[in-house]
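> What follows is the file run25.tsv, containing TSV, C-alpha atoms and all ligand atoms:
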```tsv
chain	number	residue	atom	x	y	z
M	1	MET	CA	-94.15	-46.76	-12.14
M	2	ALA	CA	-91.57	-44.26	-10.92
M	3	ASN	CA	-92.62	-40.62	-10.91
M	4	TRP	CA	-89.04	-39.46	-10.20
M	5	SER	CA	-85.92	-40.49	-12.11
M	6	VAL	CA	-82.68	-39.67	-10.35
M	7	LEU	CA	-79.71	-39.64	-12.74
M	8	GLY	CA	-76.48	-40.69	-11.04
M	9	SER	CA	-75.71	-42.94	-8.10
M	10	GLY	CA	-72.92	-40.88	-6.55
M	11	ILE	CA	-73.54	-39.48	-3.11
M	12	THR	CA	-75.84	-36.72	-4.40
M	13	GLY	CA	-78.12	-39.05	-6.37
M	14	LEU	CA	-78.36	-41.55	-3.50
M	15	CYS	CA	-79.20	-38.85	-0.94
M	16	ILE	CA	-81.86	-37.34	-3.21
M	17	ALA	CA	-83.36	-40.78	-3.94
M	18	THR	CA	-83.41	-41.58	-0.21
M	19	ALA	CA	-85.16	-38.33	0.65
M	20	LEU	CA	-87.76	-38.86	-2.10
M	21	CYS	CA	-88.47	-42.42	-0.89
M	22	GLU	CA	-88.85	-41.22	2.67
M	23	HIS	CA	-91.37	-38.71	1.39
M	24	GLY	CA	-93.39	-41.57	-0.10
M	25	GLU	CA	-92.45	-40.91	-3.73
M	26	LYS	CA	-91.87	-43.61	-6.34
M	27	VAL	CA	-88.25	-43.37	-7.44
M	28	GLU	CA	-85.87	-44.99	-9.90
M	29	VAL	CA	-82.12	-44.39	-10.14
M	30	ILE	CA	-80.41	-44.37	-13.52
M	31	GLU	CA	-76.75	-45.27	-13.52
M	32	ALA	CA	-73.82	-44.93	-15.92
M	33	PRO	CA	-71.43	-47.59	-14.59
M	34	HIS	CA	-68.72	-46.64	-17.11
M	35	ILE	CA	-68.41	-43.13	-15.60
M	36	GLN	CA	-66.50	-43.19	-12.30
M	37	ALA	CA	-68.10	-41.21	-9.47
M	38	ALA	CA	-65.99	-38.65	-7.58
M	39	SER	CA	-67.76	-40.04	-4.52
M	40	TYR	CA	-65.80	-43.28	-4.80
M	41	PHE	CA	-62.52	-41.48	-4.02
M	42	ALA	CA	-63.66	-39.31	-1.10
M	43	GLY	CA	-62.18	-39.31	2.38
M	44	GLY	CA	-65.63	-39.45	4.00
M	45	MET	CA	-64.85	-36.74	6.53
M	46	LEU	CA	-67.87	-35.06	8.10
M	47	ALA	CA	-65.80	-32.13	9.29
M	48	PRO	CA	-67.81	-28.90	9.09
M	49	PHE	CA	-65.67	-26.99	11.55
M	50	CYS	CA	-62.33	-27.85	9.94
M	51	GLU	CA	-63.81	-26.96	6.56
M	52	GLY	CA	-64.65	-23.55	8.03
M	53	GLU	CA	-61.00	-22.66	7.49
M	54	SER	CA	-61.75	-22.01	3.82
M	55	ALA	CA	-65.47	-22.62	3.32
M	56	PRO	CA	-68.28	-20.08	3.75
M	57	ASP	CA	-70.45	-20.13	6.90
M	58	ILE	CA	-73.31	-21.83	5.06
M	59	VAL	CA	-71.13	-24.93	4.61
M	60	VAL	CA	-70.26	-24.99	8.30
M	61	GLN	CA	-73.91	-24.55	9.35
M	62	ASN	CA	-75.41	-27.05	6.91
M	63	GLY	CA	-72.57	-29.50	7.46
M	64	GLN	CA	-73.48	-29.81	11.13
M	65	LEU	CA	-76.94	-31.10	10.17
M	66	SER	CA	-75.56	-33.88	8.03
M	67	VAL	CA	-73.94	-35.82	10.87
M	68	ASP	CA	-77.41	-36.52	12.32
M	69	TRP	CA	-78.65	-37.57	8.88
M	70	TRP	CA	-75.80	-40.04	8.51
M	71	ASP	CA	-76.47	-41.49	11.97
M	72	LYS	CA	-80.03	-42.23	10.89
M	73	HIS	CA	-79.09	-43.82	7.55
M	74	ILE	CA	-75.96	-45.93	7.98
M	75	VAL	CA	-74.58	-48.03	10.81
M	76	ASN	CA	-70.97	-47.05	11.00
M	77	VAL	CA	-70.58	-43.32	11.62
M	78	LYS	CA	-67.47	-42.79	13.72
M	79	HIS	CA	-67.83	-39.92	16.20
M	80	THR	CA	-64.18	-39.69	17.09
M	81	GLY	CA	-63.50	-36.05	16.15
M	82	THR	CA	-60.70	-34.71	13.99
M	83	LEU	CA	-57.12	-34.01	15.05
M	84	VAL	CA	-55.16	-31.24	13.32
M	85	ILE	CA	-51.38	-31.13	13.68
M	86	ALA	CA	-48.39	-29.41	12.11
M	87	PRO	CA	-44.65	-30.07	12.11
M	88	ALA	CA	-42.73	-27.81	14.55
M	89	ARG	CA	-41.63	-25.49	11.74
M	90	ASP	CA	-45.28	-24.88	10.72
M	91	VAL	CA	-46.80	-24.19	14.13
M	92	SER	CA	-47.84	-20.75	12.86
M	93	GLU	CA	-50.16	-22.65	10.44
M	94	LEU	CA	-51.83	-24.27	13.44
M	95	LYS	CA	-52.45	-20.87	15.03
M	96	ARG	CA	-53.83	-19.54	11.75
M	97	PHE	CA	-56.11	-22.58	11.45
M	98	ALA	CA	-57.33	-22.07	15.03
M	99	ASN	CA	-58.19	-18.44	14.26
M	100	MET	CA	-60.19	-19.42	11.18
M	101	THR	CA	-62.25	-22.18	12.84
M	102	ILE	CA	-64.51	-22.84	15.83
M	103	ASN	CA	-65.38	-25.71	18.20
M	104	HIS	CA	-61.85	-26.90	18.81
M	105	GLU	CA	-59.53	-27.26	21.76
M	106	TRP	CA	-55.73	-27.19	22.02
M	107	VAL	CA	-54.36	-30.61	22.92
M	108	GLU	CA	-51.19	-32.65	23.21
M	109	PRO	CA	-51.66	-34.81	20.09
M	110	GLU	CA	-50.35	-38.00	21.69
M	111	LEU	CA	-53.11	-37.82	24.32
M	112	ILE	CA	-55.64	-38.08	21.48
M	113	GLU	CA	-53.69	-40.48	19.23
M	114	PRO	CA	-51.09	-42.34	21.35
M	115	ASP	CA	-49.26	-43.70	18.28
M	116	LEU	CA	-48.15	-40.15	17.42
M	117	GLU	CA	-45.92	-40.48	20.50
M	118	SER	CA	-44.14	-37.18	21.14
M	119	ARG	CA	-43.52	-36.11	17.55
M	120	PHE	CA	-45.98	-33.21	17.63
M	121	SER	CA	-46.09	-30.87	20.60
M	122	GLN	CA	-49.40	-29.12	19.87
M	123	GLY	CA	-52.60	-29.98	18.08
M	124	LEU	CA	-56.17	-28.84	17.59
M	125	PHE	CA	-58.92	-31.29	18.40
M	126	PHE	CA	-62.42	-30.90	16.91
M	127	PRO	CA	-64.33	-33.33	19.18
M	128	THR	CA	-67.77	-33.13	17.53
M	129	GLU	CA	-66.68	-34.06	14.01
M	130	ALA	CA	-67.22	-37.51	12.52
M	131	PHE	CA	-66.23	-39.66	9.55
M	132	ILE	CA	-67.51	-42.59	7.50
M	133	ASP	CA	-66.10	-45.00	4.97
M	134	PRO	CA	-67.53	-43.49	1.78
M	135	ARG	CA	-67.53	-46.71	-0.24
M	136	LEU	CA	-69.40	-48.61	2.47
M	137	ALA	CA	-71.77	-45.68	2.89
M	138	LEU	CA	-72.58	-45.64	-0.83
M	139	GLN	CA	-73.21	-49.40	-0.76
M	140	GLU	CA	-75.41	-49.13	2.31
M	141	LEU	CA	-77.53	-46.27	0.93
M	142	LYS	CA	-77.96	-48.22	-2.30
M	143	GLN	CA	-79.00	-51.36	-0.47
M	144	ASN	CA	-81.47	-49.37	1.67
M	145	LEU	CA	-83.03	-48.03	-1.54
M	146	ARG	CA	-83.18	-51.48	-3.12
M	147	ASP	CA	-84.90	-52.74	0.03
M	148	GLN	CA	-87.55	-50.09	-0.64
M	149	ASN	CA	-87.99	-51.40	-4.19
M	150	VAL	CA	-86.09	-48.61	-5.90
M	151	HIS	CA	-85.07	-49.88	-9.32
M	152	PHE	CA	-81.47	-49.13	-10.41
M	153	HIS	CA	-80.98	-49.40	-14.16
M	154	THR	CA	-79.22	-47.94	-17.18
M	155	GLY	CA	-82.25	-47.32	-19.39
M	156	SER	CA	-84.35	-44.27	-20.15
M	157	PRO	CA	-86.01	-42.20	-17.41
M	158	LEU	CA	-89.71	-42.74	-16.78
M	159	GLY	CA	-90.30	-39.97	-14.27
M	160	LYS	CA	-89.40	-36.34	-13.76
M	161	VAL	CA	-85.63	-36.07	-14.01
M	162	ILE	CA	-83.33	-34.93	-11.22
M	163	ASP	CA	-79.85	-34.80	-12.70
M	164	CYS	CA	-77.18	-35.62	-10.10
M	165	THR	CA	-74.47	-36.58	-12.57
M	166	GLY	CA	-71.62	-34.46	-11.16
M	167	MET	CA	-69.17	-33.37	-13.85
M	168	ALA	CA	-71.17	-35.16	-16.56
M	169	ALA	CA	-73.71	-32.30	-16.29
M	170	LYS	CA	-71.10	-29.82	-17.50
M	171	ARG	CA	-72.71	-29.60	-20.96
M	172	LYS	CA	-75.95	-28.35	-19.38
M	173	LEU	CA	-74.50	-26.36	-16.46
M	174	LYS	CA	-71.96	-24.11	-18.11
M	175	ASN	CA	-70.51	-22.63	-14.93
M	176	LEU	CA	-69.71	-26.03	-13.44
M	177	ARG	CA	-65.98	-26.68	-13.21
M	178	SER	CA	-63.93	-29.60	-11.94
M	179	VAL	CA	-61.44	-29.55	-9.10
M	180	ARG	CA	-59.21	-32.57	-9.41
M	181	GLY	CA	-58.50	-34.52	-6.22
M	182	GLU	CA	-55.83	-37.21	-6.01
M	183	MET	CA	-55.64	-39.79	-3.25
M	184	VAL	CA	-53.73	-42.88	-2.10
M	185	ILE	CA	-54.78	-45.91	-0.08
M	186	PHE	CA	-52.13	-47.91	1.75
M	187	GLU	CA	-52.00	-50.63	4.36
M	188	ASN	CA	-49.92	-50.71	7.51
M	189	HIS	CA	-50.60	-52.73	10.64
M	190	ASP	CA	-47.95	-51.15	12.88
M	191	VAL	CA	-49.74	-47.85	13.45
M	192	LYS	CA	-53.25	-47.44	14.86
M	193	PHE	CA	-55.19	-44.22	14.48
M	194	SER	CA	-58.87	-43.80	15.33
M	195	ARG	CA	-59.75	-40.56	13.58
M	196	PRO	CA	-58.83	-38.36	10.61
M	197	ILE	CA	-55.58	-36.49	11.12
M	198	ARG	CA	-54.97	-33.31	9.17
M	199	LEU	CA	-51.37	-32.25	8.69
M	200	LEU	CA	-51.06	-28.54	8.00
M	201	HIS	CA	-48.51	-27.22	5.56
M	202	PRO	CA	-48.34	-23.79	3.88
M	203	ARG	CA	-48.34	-25.29	0.36
M	204	PHE	CA	-49.65	-28.80	0.69
M	205	PRO	CA	-52.07	-29.51	3.54
M	206	CYS	CA	-52.98	-33.16	3.66
M	207	TYR	CA	-55.10	-35.60	5.64
M	208	LEU	CA	-54.99	-39.23	6.66
M	209	VAL	CA	-58.22	-41.16	7.26
M	210	PRO	CA	-58.16	-44.60	8.91
M	211	ARG	CA	-60.17	-47.36	7.26
M	212	ALA	CA	-60.80	-50.94	8.38
M	213	ASN	CA	-58.14	-53.68	8.26
M	214	GLY	CA	-55.06	-51.49	8.70
M	215	ARG	CA	-55.87	-49.32	5.70
M	216	PHE	CA	-55.46	-45.57	5.45
M	217	MET	CA	-56.58	-43.11	2.84
M	218	VAL	CA	-54.36	-40.08	2.25
M	219	GLY	CA	-55.71	-37.09	0.38
M	220	ALA	CA	-56.15	-34.91	-1.31
M	221	THR	CA	-54.90	-32.52	-3.92
M	222	MET	CA	-56.99	-29.56	-5.05
M	223	VAL	CA	-56.11	-28.85	-8.66
M	224	GLU	CA	-58.15	-26.57	-10.93
M	225	SER	CA	-58.20	-29.08	-13.77
M	226	SER	CA	-60.52	-31.38	-15.69
M	227	ASP	CA	-57.70	-33.86	-16.30
M	228	ASP	CA	-58.99	-37.26	-15.19
M	229	GLY	CA	-55.73	-39.05	-15.95
M	230	PRO	CA	-53.68	-40.96	-13.38
M	231	ILE	CA	-52.18	-39.43	-10.25
M	232	SER	CA	-49.09	-37.22	-10.78
M	233	VAL	CA	-45.69	-38.02	-9.32
M	234	ARG	CA	-45.73	-34.69	-7.46
M	235	ALA	CA	-49.07	-35.48	-5.78
M	236	LEU	CA	-47.94	-38.97	-4.84
M	237	ILE	CA	-44.62	-37.73	-3.41
M	238	GLU	CA	-46.28	-34.93	-1.43
M	239	MET	CA	-48.99	-37.16	0.01
M	240	LEU	CA	-46.64	-39.99	0.91
M	241	SER	CA	-44.15	-37.61	2.51
M	242	SER	CA	-47.00	-36.12	4.57
M	243	ALA	CA	-47.96	-39.61	5.69
M	244	TYR	CA	-44.31	-40.28	6.57
M	245	THR	CA	-44.21	-37.03	8.56
M	246	ILE	CA	-47.26	-38.16	10.53
M	247	HIS	CA	-45.60	-41.50	11.27
M	248	PRO	CA	-42.25	-42.85	9.95
M	249	ALA	CA	-43.58	-46.43	10.15
M	250	PHE	CA	-45.70	-45.61	7.09
M	251	ALA	CA	-42.47	-45.93	5.07
M	252	GLU	CA	-43.10	-49.69	5.18
M	253	ALA	CA	-46.76	-49.42	4.20
M	254	LYS	CA	-48.01	-51.22	1.10
M	255	ILE	CA	-49.63	-48.97	-1.49
M	256	LEU	CA	-52.93	-50.56	-2.53
M	257	GLU	CA	-54.48	-47.94	-4.72
M	258	THR	CA	-54.09	-44.48	-6.14
M	259	GLY	CA	-57.04	-42.62	-7.57
M	260	ILE	CA	-58.41	-39.33	-8.73
M	261	GLY	CA	-61.86	-37.77	-8.62
M	262	LEU	CA	-63.17	-34.64	-10.31
M	263	ARG	CA	-65.10	-32.59	-7.77
M	264	PRO	CA	-68.06	-30.84	-9.43
M	265	SER	CA	-67.88	-27.19	-8.36
M	266	PHE	CA	-69.66	-23.91	-9.00
M	267	PRO	CA	-67.73	-20.61	-8.92
M	268	ASN	CA	-68.49	-19.98	-5.21
M	269	ASN	CA	-67.90	-23.66	-4.29
M	270	VAL	CA	-71.40	-23.94	-2.80
M	271	PRO	CA	-73.83	-26.57	-4.15
M	272	GLN	CA	-77.09	-25.61	-5.82
M	273	ILE	CA	-80.51	-26.98	-6.72
M	274	ILE	CA	-81.40	-25.70	-10.18
M	275	GLU	CA	-84.70	-26.01	-12.06
M	276	LYS	CA	-84.11	-25.63	-15.78
M	277	ASP	CA	-85.62	-26.95	-19.05
M	278	ASN	CA	-88.30	-28.93	-17.21
M	279	GLN	CA	-85.86	-30.88	-15.06
M	280	PHE	CA	-83.86	-30.43	-11.86
M	281	TYR	CA	-80.13	-30.42	-11.22
M	282	VAL	CA	-78.48	-30.97	-7.85
M	283	ASN	CA	-74.80	-30.35	-8.25
M	284	GLY	CA	-71.65	-28.45	-7.25
M	285	MET	CA	-70.80	-30.43	-4.12
M	286	TYR	CA	-67.13	-29.41	-4.51
M	287	ARG	CA	-65.18	-30.99	-1.62
M	288	HIS	CA	-68.30	-31.44	0.51
M	289	GLY	CA	-70.45	-34.12	-1.09
M	290	PHE	CA	-70.69	-36.34	1.98
M	291	LEU	CA	-71.02	-33.32	4.21
M	292	LEU	CA	-73.69	-31.49	2.23
M	293	ALA	CA	-75.63	-33.84	-0.07
M	294	PRO	CA	-77.98	-34.95	2.77
M	295	VAL	CA	-78.86	-31.32	3.45
M	296	LEU	CA	-79.44	-30.54	-0.24
M	297	ALA	CA	-81.74	-33.57	-0.39
M	298	ILE	CA	-83.80	-32.29	2.55
M	299	GLN	CA	-83.91	-28.82	0.97
M	300	PHE	CA	-85.10	-30.33	-2.31
M	301	ILE	CA	-88.06	-31.99	-0.60
M	302	GLU	CA	-88.93	-28.85	1.38
M	303	LYS	CA	-88.76	-26.66	-1.71
M	304	PHE	CA	-90.59	-28.79	-4.26
M	305	LEU	CA	-92.67	-31.30	-2.26
M	306	GLY	CA	-93.01	-29.82	1.22
B	401	LIG	C1	-59.99	-37.21	-3.28
B	401	LIG	C2	-61.30	-36.66	-2.82
B	401	LIG	C3	-61.58	-36.59	-1.45
B	401	LIG	C4	-62.80	-36.09	-1.00
B	401	LIG	N1	-63.08	-36.11	0.34
B	401	LIG	C5	-64.29	-35.69	0.78
B	401	LIG	C6	-64.62	-35.76	2.16
B	401	LIG	O1	-63.81	-36.21	3.00
B	401	LIG	N2	-65.85	-35.31	2.56
B	401	LIG	C7	-66.78	-34.84	1.68
B	401	LIG	O2	-67.88	-34.45	2.11
B	401	LIG	N3	-66.49	-34.79	0.36
B	401	LIG	C8	-65.27	-35.19	-0.11
B	401	LIG	N4	-64.97	-35.13	-1.43
B	401	LIG	C9	-65.93	-34.51	-2.35
B	401	LIG	C10	-66.99	-35.48	-2.79
B	401	LIG	O3	-66.40	-36.68	-3.20
B	401	LIG	C11	-67.79	-34.85	-3.93
B	401	LIG	O4	-68.34	-33.62	-3.52
B	401	LIG	C12	-68.94	-35.79	-4.31
B	401	LIG	O5	-68.43	-37.05	-4.60
B	401	LIG	C13	-69.77	-35.30	-5.48
B	401	LIG	O6	-70.79	-36.26	-5.59
B	401	LIG	P1	-71.83	-36.30	-6.78
B	401	LIG	O7	-72.75	-37.42	-6.50
B	401	LIG	O8	-72.42	-34.94	-6.99
B	401	LIG	O9	-70.94	-36.60	-8.06
B	401	LIG	P2	-70.24	-38.00	-8.45
B	401	LIG	O10	-69.77	-38.68	-7.21
B	401	LIG	O11	-69.24	-37.69	-9.50
B	401	LIG	O12	-71.40	-38.87	-9.03
B	401	LIG	C14	-71.98	-38.63	-10.28
B	401	LIG	C15	-72.60	-39.93	-10.74
B	401	LIG	O13	-73.33	-39.69	-11.95
B	401	LIG	C16	-73.12	-40.78	-12.81
B	401	LIG	N5	-73.44	-40.35	-14.18
B	401	LIG	C17	-72.72	-39.59	-15.02
B	401	LIG	N6	-73.40	-39.41	-16.18
B	401	LIG	C18	-74.57	-40.08	-16.06
B	401	LIG	C19	-75.70	-40.28	-16.91
B	401	LIG	N7	-75.77	-39.76	-18.12
B	401	LIG	N8	-76.73	-41.02	-16.45
B	401	LIG	C20	-76.71	-41.56	-15.22
B	401	LIG	N9	-75.66	-41.42	-14.37
B	401	LIG	C21	-74.61	-40.68	-14.79
B	401	LIG	C22	-71.68	-41.19	-12.59
B	401	LIG	O14	-71.47	-42.51	-13.00
B	401	LIG	C23	-71.59	-41.01	-11.07
B	401	LIG	O15	-71.98	-42.21	-10.43
B	401	LIG	C24	-63.76	-35.62	-1.92
B	401	LIG	C25	-63.49	-35.70	-3.29
B	401	LIG	C26	-62.27	-36.22	-3.73
B	401	LIG	C27	-62.02	-36.31	-5.21
```
Turn the structure described in the file into structure tokens.
Ligand SMILES: Cc1cc2nc3c(=O)[nH]c(=O)nc-3n(C[C@H](O)[C@H](O)[C@H](O)COP(=O)(O)OP(=O)(O)OC[C@H]3O[C@@H](n4cnc5c(N)ncnc54)[C@H](O)[C@@H]3O)c2cc1C

Amino acid sequence: MANWSVLGSGITGLCIATALCEHGEKVEVIEAPHIQAASYFAGGMLAPFCEGESAPDIVVQNGQLSVDWWDKHIVNVKHTGTLVIAPARDVSELKRFANMTINHEWVEPELIEPDLESRFSQGLFFPTEAFIDPRLALQELKQNLRDQNVHFHTGSPLGKVIDCTGMAAKRKLKNLRSVRGEMVIFENHDVKFSRPIRLLHPRFPCYLVPRANGRFMVGATMVESSDDGPISVRALIEMLSSAYTIHPAFAEAKILETGIGLRPSFPNNVPQIIEKDNQFYVNGMYRHGFLLAPVLAIQFIEKFLG
């Protein structure tokens, strides 16, 4: 019988369940398939240094640890780095970004991504960053847990509860808020990129993440809102025009999907482990679930089982 019941099979719940299993605990995962996980819409960037532009140092430091964790737990971590570019009129944004971040080098973007040709004269390359396909990663973590006899179900918890339900925990965690993120997935076989490309813009920074089979994910808005309705026209226009700025051939791309996720966030945008009312909460991943959930899981074990 399970002695731990993890609520939620988003990235936080799966990382916590994995860490518990590795510690020899008996675990079950309780799911709510009708509630869509924010994790499903993520870009999957493991980009601690780029995030340092706006995130506190703790995110940069802890984020570096997660890349190793991912290498040990899934097969397809791509260690191709991140490229940051800006249109000629926004080169000052690139200089600002460089001043706010570490572990980068100035490059000619087309030497890193030849399909950019000569459209961007300067770029910043973060060679030690990585990325994953978040949907495949979620599947793989889940399968790894199933292989270790972890039972996934929708019934009542049998063990001590660790609530990893993202925004669904709002009723219990009053200072949790949602930051809406909109994204698009399209397909285009004329352009090949090997790594996430971030396009800086004073109002609407955006990124493009390559996926398998000629697919690209473009994201993401950051809206202080709990609206989980469909993508707005403004978001779609801004993201598609950013993609078009990166490469005009994307004008012919086929849009496959638009989506939105509500990022669970605390006031300082740093995740927390909370013990309250005889249960635990691991929440507040904000825009860093894939970057930070592995580290929170390790911290949970150290703090309560170490
Ligand atoms: C567009 C977008 C792009 C992003 N890009 C990145 C990125 O590149 N890198 C990165 O690190 N992060 C990124 N993020 C952030 C990341 O997705 C979130 O931080 C992360 O998904 C939060 O994960 P979570 O498991 O805490 O919550 P969720 O993913 O929301 O999962 C919560 C789970 O709990 C379940 N649940 C709810 N209620 C119950 C219940 N009563 N019982 C059982 N289960 C329940 C839900 O069904 C869900 O599966 C992005 C987010 C968005 C929206």
> Find the residues around Leu138 of chain M up to 10 Å (all atoms listed in the file counted), leave out those fewer than 3 positions away in its own chain, and share them as a VMD selection string.
chain M and resid 9 to 11 14 to 15 39 to 40 74 133 to 135 141 to 144 290
> What does the list of residues within 6 Å of ligand LIG 401 (chain B) look like if you count all atoms listed in the file, written as a ChimeraX atom specification?
/M:7-13,30-33,35-39,41-46,164-166,168,181-183,219-220,260-263,283,285-291
> Could you state the separation of atom CA of Val150 of chain M and atom CA of Asn3 of chain M in Å, given to one decimal place?
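Calculated distance between atom CA of Val150 of chain M and atom CA of Asn3 of chain M is 11.5 Å.
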> Hey, what's within 12 Å of Asp71 of chain M if we count all atoms listed in the file and toss same-chain stuff fewer than 5 positions away? As a VMD selection string, please?
chain M and resid 46 65 to 66 76 to 79 130 to 132 137 294
> I need the residue nearest Ser225 of chain M from this list: M:His151, M:Arg198, M:Arg177, M:Lys192. Use all atoms listed in the file for the distance.
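For Ser225 of chain M, the nearest of the candidates is M:Arg177.
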> Hey, can you check how far atom CA of Asp228 of chain M sits from atom CA of Ser54 of chain M?
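Straight-line distance from atom CA of Asp228 of chain M to atom CA of Ser54 of chain M works out to 24.5 Å.
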> Nearest to Glu28 of chain M among M:Ser121, M:Ser226, M:Gln148, M:Asn268, with distances taken over only C-alpha atoms: which residue is it?
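Checking each of M:Ser121, M:Ser226, M:Gln148, M:Asn268 against Glu28 of chain M, counting only C-alpha atoms, the winner is M:Gln148.
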